[in-house]
Amino acid sequence: MAKLDIINVPDPLLRTTSDPVGQVDDELRRLMDNMLETMYAAPGIGLAAIQVAVPKRIIVVDTDGEEDERKPLFLVNPEIIWESAEFNIYNEGCLSVPEHYAEVERPASVKVKYLNYDGKAQEQMIDGLLATCVQHEIDHLNGVVFIDYLSKLKRNMIIKKVQKADRETKVL
Ligand SMILES: [Zn+2]
């Protein structure tokens with residue numbers, strides 16, 4: 001496995017709509033393995049392929065986070081096919097918006113349809129942090145970042161700070 005580079009806002013790639021995957025093959029599984037390793041190393045609980053500059057509809061998540069008991073989920077072509085009327089608020093972060101967090105309101109539970117690591121069609125009801133995480137990652141596949149839910153003023157302030165931090169890292 002190999003660790004991949006994560007891109008940060010305001011990289012225009014993060015505004016791209018990712019393409020559906022035709023077939024889950026070994027090459028795609030290699031990409032998913034590398035994404036998972038990248039996510040664990042960051043560390044994070046979710047990663048979309050576009051965050052490593054690959055515009056394909058793939059996300060990996062693991063909201064359990066215990067190193068000795070990892071339960072990764074690989075979702076290819078994920079789609080929300082039902083959402084609850086009830087909402088949850090979580091303080092979200094994003095590996096492409098390092099060091100910044102904000103409260104976002106999303107449906108508390110959703111039913112998601114996807115292809116798994118073996119390319120098999122799945123439907124799953126999820127709730128809690130996992131539901132928030134999967135919705136956050138599916139947003140990435142549609143070019144949406146969690147800071148889009150904030151006011152324009154707040155969003156621009158965060159982007160400026162991330163840019164400044166990235167510039168300073170490069171100088172070092
Ligand atoms: Zn994110």
# chains A, B, ... in the order shown; residues from 1 in each chain; ligands from 1

$ residues_around --residues "Gly128 (chain A)" --least-positions-apart "4" --cutoff "10 Å" --atoms "only C-alpha atoms" --output "CSV table (one decimal) with N, CA, C and O atoms, in the first residue's frame"
chain,number,residue,atom,x,y,z
A,63,THR,N,-15.6,4.8,11.2
A,63,THR,CA,-15.9,5.7,12.3
A,63,THR,C,-15.7,5.1,13.7
A,63,THR,O,-15.9,5.7,14.7
A,88,ASN,N,-29.5,15.7,12.7
A,88,ASN,CA,-28.4,15.6,13.7
A,88,ASN,C,-27.4,16.7,13.5
A,88,ASN,O,-27.2,17.1,12.3
A,89,ILE,N,-26.9,17.3,14.5
A,89,ILE,CA,-25.8,18.3,14.3
A,89,ILE,C,-24.5,17.7,14.8
A,89,ILE,O,-24.4,17.2,16.0
A,90,TYR,N,-23.5,17.7,14.0
A,90,TYR,CA,-22.1,17.3,14.4
A,90,TYR,C,-21.1,18.4,14.1
A,90,TYR,O,-21.3,19.2,13.2
A,107,PRO,N,-29.5,15.0,7.8
A,107,PRO,CA,-30.4,13.9,8.2
A,107,PRO,C,-29.7,12.9,9.2
A,107,PRO,O,-28.6,12.5,9.0
A,108,ALA,N,-30.5,12.6,10.3
A,108,ALA,CA,-29.9,11.7,11.3
A,108,ALA,C,-29.6,10.3,10.8
A,108,ALA,O,-28.6,9.7,11.2
A,109,SER,N,-30.5,9.8,10.0
A,109,SER,CA,-30.2,8.4,9.4
A,109,SER,C,-30.6,8.4,8.0
A,109,SER,O,-31.4,9.2,7.5
A,110,VAL,N,-29.8,7.6,7.2
A,110,VAL,CA,-30.0,7.5,5.8
A,110,VAL,C,-29.9,6.1,5.4
A,110,VAL,O,-29.3,5.2,6.1
A,132,THR,N,-23.5,10.8,9.3
A,132,THR,CA,-23.0,12.1,9.0
A,132,THR,C,-21.7,12.0,8.1
A,132,THR,O,-21.6,12.7,7.1
A,133,CYS,N,-20.9,11.0,8.4
A,133,CYS,CA,-19.6,10.9,7.7
A,133,CYS,C,-19.9,10.5,6.2
A,133,CYS,O,-19.3,11.1,5.3

$ closest_atom_pairs --of "chain A" --to "ligand 1" --cutoff "7 Å" --atoms "only C-alpha atoms and all ligand atoms" --output "CSV"
residue,atom,partner,partner_atom_place_in_ligand_line,distance
A:Leu47,CA,ligand 1,1 (Zn),6.5
A:Gly93,CA,ligand 1,1 (Zn),6.8
A:Cys94,CA,ligand 1,1 (Zn),3.8
A:Leu95,CA,ligand 1,1 (Zn),5.6
A:Ser96,CA,ligand 1,1 (Zn),5.9
A:His136,CA,ligand 1,1 (Zn),6.2
A:Glu137,CA,ligand 1,1 (Zn),5.9
A:His140,CA,ligand 1,1 (Zn),6.6
A:Val145,CA,ligand 1,1 (Zn),6.3
A:Phe146,CA,ligand 1,1 (Zn),6.8

$ write_last_selection --atoms "N, CA and C atoms" --output "PDB file, in the first residue's frame"
ATOM      1  N   LEU A  47     -12.718   9.463   3.733  1.00  0.00           N
ATOM      2  CA  LEU A  47     -11.942  10.078   2.641  1.00  0.00           C
ATOM      3  C   LEU A  47     -12.626   9.758   1.314  1.00  0.00           C
ATOM      4  N   GLY A  93     -15.210  18.100  10.641  1.00  0.00           N
ATOM      5  CA  GLY A  93     -13.917  18.535  10.150  1.00  0.00           C
ATOM      6  C   GLY A  93     -13.698  17.858   8.812  1.00  0.00           C
ATOM      7  N   CYS A  94     -12.563  18.126   8.164  1.00  0.00           N
ATOM      8  CA  CYS A  94     -12.307  17.550   6.843  1.00  0.00           C
ATOM      9  C   CYS A  94     -10.807  17.546   6.599  1.00  0.00           C
ATOM     10  N   LEU A  95     -10.296  16.441   6.065  1.00  0.00           N
ATOM     11  CA  LEU A  95      -8.849  16.351   5.818  1.00  0.00           C
ATOM     12  C   LEU A  95      -8.394  17.372   4.770  1.00  0.00           C
ATOM     13  N   SER A  96      -9.319  17.902   3.972  1.00  0.00           N
ATOM     14  CA  SER A  96      -8.974  18.914   2.968  1.00  0.00           C
ATOM     15  C   SER A  96      -9.151  20.340   3.496  1.00  0.00           C
ATOM     16  N   HIS A 136     -21.160  13.455   4.343  1.00  0.00           N
ATOM     17  CA  HIS A 136     -20.054  14.403   4.128  1.00  0.00           C
ATOM     18  C   HIS A 136     -19.194  13.940   2.945  1.00  0.00           C
ATOM     19  N   GLU A 137     -18.895  12.632   2.895  1.00  0.00           N
ATOM     20  CA  GLU A 137     -18.030  12.105   1.820  1.00  0.00           C
ATOM     21  C   GLU A 137     -18.756  12.096   0.471  1.00  0.00           C
ATOM     22  N   HIS A 140     -18.483  15.324  -1.217  1.00  0.00           N
ATOM     23  CA  HIS A 140     -17.217  15.523  -1.935  1.00  0.00           C
ATOM     24  C   HIS A 140     -17.321  15.044  -3.390  1.00  0.00           C
ATOM     25  N   VAL A 145     -18.033  20.841  -0.219  1.00  0.00           N
ATOM     26  CA  VAL A 145     -17.196  20.729   0.974  1.00  0.00           C
ATOM     27  C   VAL A 145     -18.009  21.249   2.169  1.00  0.00           C
ATOM     28  N   PHE A 146     -17.765  20.722   3.364  1.00  0.00           N
ATOM     29  CA  PHE A 146     -18.651  21.066   4.499  1.00  0.00           C
ATOM     30  C   PHE A 146     -18.713  22.562   4.789  1.00  0.00           C
TER      31      PHE A 146
END

$ residues_around --residues "Glu83 (chain A)" --least-positions-apart "2" --cutoff "10 Å" --atoms "only C-alpha atoms" --output "PyMOL selection string"
chain A and resi 80-81+85-87+106-112+125-127+131

$ select_by_dssp --residues "region 57-158 of chain A" --states "strand (DSSP E)" --output "PyMOL selection string"
chain A and resi 58-61+73-83+87-92+102-107+109-115+121-127

$ residues_around --residues "region 150-166 of chain A" --least-positions-apart "6" --cutoff "9 Å" --atoms "only C-alpha atoms" --output "compact mmCIF listing (two decimals) with all heavy atoms, in the first residue's frame"
# COMPACT_ATOMS: atom_id res chain seq x y z
N ASN A 8 -5.98 20.24 -0.53
CA ASN A 8 -6.72 21.12 0.38
C ASN A 8 -7.49 22.19 -0.38
O ASN A 8 -7.16 22.49 -1.53
CB ASN A 8 -5.75 21.83 1.33
CG ASN A 8 -5.16 20.88 2.36
OD1 ASN A 8 -5.65 19.76 2.54
ND2 ASN A 8 -4.11 21.30 3.03
N VAL A 9 -8.50 22.76 0.30
CA VAL A 9 -9.19 23.94 -0.28
C VAL A 9 -8.15 25.05 -0.41
O VAL A 9 -7.24 25.12 0.41
CB VAL A 9 -10.37 24.42 0.62
CG1 VAL A 9 -11.50 23.44 0.58
CG2 VAL A 9 -9.92 24.70 2.05
N PRO A 10 -8.23 25.92 -1.41
CA PRO A 10 -9.28 26.01 -2.43
C PRO A 10 -8.93 25.30 -3.75
O PRO A 10 -9.30 25.79 -4.81
CB PRO A 10 -9.37 27.51 -2.65
CG PRO A 10 -7.95 27.99 -2.48
CD PRO A 10 -7.29 27.04 -1.50
N VAL A 97 -9.60 20.43 4.77
CA VAL A 97 -9.75 21.73 5.44
C VAL A 97 -9.09 21.58 6.82
O VAL A 97 -9.76 21.66 7.84
CB VAL A 97 -11.24 22.13 5.60
CG1 VAL A 97 -11.37 23.58 6.03
CG2 VAL A 97 -12.03 21.89 4.31
N PRO A 98 -7.77 21.32 6.85
CA PRO A 98 -7.14 20.93 8.11
C PRO A 98 -7.29 21.97 9.22
O PRO A 98 -7.22 23.18 8.96
CB PRO A 98 -5.66 20.74 7.73
CG PRO A 98 -5.49 21.33 6.38
CD PRO A 98 -6.83 21.35 5.74
N GLU A 99 -7.52 21.48 10.43
CA GLU A 99 -7.54 22.29 11.65
C GLU A 99 -8.79 23.15 11.83
O GLU A 99 -8.83 23.99 12.72
CB GLU A 99 -6.31 23.23 11.73
CG GLU A 99 -4.98 22.55 11.44
CD GLU A 99 -4.44 21.76 12.62
OE1 GLU A 99 -4.59 22.23 13.76
OE2 GLU A 99 -3.89 20.67 12.38
N HIS A 100 -9.80 22.98 10.97
CA HIS A 100 -11.01 23.79 11.10
C HIS A 100 -12.23 22.89 11.27
O HIS A 100 -12.34 21.88 10.59
CB HIS A 100 -11.18 24.72 9.90
CG HIS A 100 -10.12 25.77 9.85
ND1 HIS A 100 -10.21 26.96 10.51
CD2 HIS A 100 -8.91 25.78 9.24
CE1 HIS A 100 -9.11 27.67 10.31
NE2 HIS A 100 -8.29 26.97 9.52
N ALA A 102 -16.67 22.88 12.22
CA ALA A 102 -17.89 23.67 12.32
C ALA A 102 -19.09 22.75 12.40
O ALA A 102 -19.05 21.62 11.89
CB ALA A 102 -18.03 24.60 11.12
N GLU A 103 -20.14 23.23 13.06
CA GLU A 103 -21.35 22.43 13.21
C GLU A 103 -22.14 22.42 11.91
O GLU A 103 -22.38 23.47 11.31
CB GLU A 103 -22.21 22.99 14.34
CG GLU A 103 -21.59 22.72 15.70
CD GLU A 103 -22.53 23.04 16.85
OE1 GLU A 103 -23.45 23.85 16.65
OE2 GLU A 103 -22.32 22.46 17.93
N VAL A 104 -22.52 21.20 11.47
CA VAL A 104 -23.32 21.04 10.26
C VAL A 104 -24.52 20.14 10.60
O VAL A 104 -24.37 19.16 11.33
CB VAL A 104 -22.49 20.39 9.12
CG1 VAL A 104 -23.34 20.18 7.88
CG2 VAL A 104 -21.27 21.24 8.79

$ residues_around --residues "region 48-51 of chain A" --least-positions-apart "3" --cutoff "8 Å" --atoms "only C-alpha atoms" --output "VMD selection string"
chain A and resid 6 to 8 13 to 14 16 18 35 54 to 60 96 137 to 138 140 to 141

$ write_last_selection --atoms "C-alpha atoms" --output "PDB file, in the first residue's frame"
ATOM      1  CA  ILE A   6      -4.393  14.922   0.148  1.00  0.00           C
ATOM      2  CA  ILE A   7      -5.381  18.161  -1.586  1.00  0.00           C
ATOM      3  CA  ASN A   8      -6.720  21.118   0.379  1.00  0.00           C
ATOM      4  CA  LEU A  13     -10.393  19.768  -8.079  1.00  0.00           C
ATOM      5  CA  LEU A  14     -12.453  19.693  -4.869  1.00  0.00           C
ATOM      6  CA  THR A  16     -15.297  18.645  -9.509  1.00  0.00           C
ATOM      7  CA  SER A  18     -16.641  12.744  -9.743  1.00  0.00           C
ATOM      8  CA  MET A  35      -7.048   5.629   0.243  1.00  0.00           C
ATOM      9  CA  VAL A  54      -8.914  11.018  -8.349  1.00  0.00           C
ATOM     10  CA  PRO A  55     -12.341  12.058  -9.736  1.00  0.00           C
ATOM     11  CA  LYS A  56     -14.068   8.697  -9.180  1.00  0.00           C
ATOM     12  CA  ARG A  57     -17.143   8.016  -7.047  1.00  0.00           C
ATOM     13  CA  ILE A  58     -15.400   6.128  -4.245  1.00  0.00           C
ATOM     14  CA  ILE A  59     -15.351   6.781  -0.510  1.00  0.00           C
ATOM     15  CA  VAL A  60     -13.751   4.963   2.413  1.00  0.00           C
ATOM     16  CA  SER A  96      -8.974  18.914   2.968  1.00  0.00           C
ATOM     17  CA  GLU A 137     -18.030  12.105   1.820  1.00  0.00           C
ATOM     18  CA  ILE A 138     -20.803  11.808  -0.801  1.00  0.00           C
ATOM     19  CA  HIS A 140     -17.217  15.523  -1.935  1.00  0.00           C
ATOM     20  CA  LEU A 141     -18.190  13.399  -4.962  1.00  0.00           C
TER      21      LEU A 141
END

$ atom_distance --atom1 "CA of Arg167 (chain A)" --atom2 "CA of Asn142 (chain A)"
27.0 Å

$ atom_distance --atom1 "CA of Asn116 (chain A)" --atom2 "CA of Pro72 (chain A)"
10.9 Å

$ select_by_dssp --residues "chain A" --states "alpha helix (DSSP H)" --output "PyMOL selection string"
chain A and resi 26-41+128-141+152-171

$ atom_distance --atom1 "CA of Glu37 (chain A)" --atom2 "CA of Asp68 (chain A)"
14.6 Å

$ closest_atom_pairs --of "region 73-106 of chain A" --to "region 20-30 of chain A" --cutoff "12 Å" --atoms "only C-alpha atoms" --output "Markdown table"
| residue | atom | partner | partner_atom | distance |
| --- | --- | --- | --- | --- |
| A:Phe74 | CA | A:Arg29 | CA | 9.4 |
| A:Leu75 | CA | A:Val24 | CA | 10.7 |
| A:Val76 | CA | A:Val21 | CA | 7.0 |
| A:Asn77 | CA | A:Pro20 | CA | 5.8 |
| A:Pro78 | CA | A:Pro20 | CA | 9.2 |
| A:Glu79 | CA | A:Pro20 | CA | 10.8 |
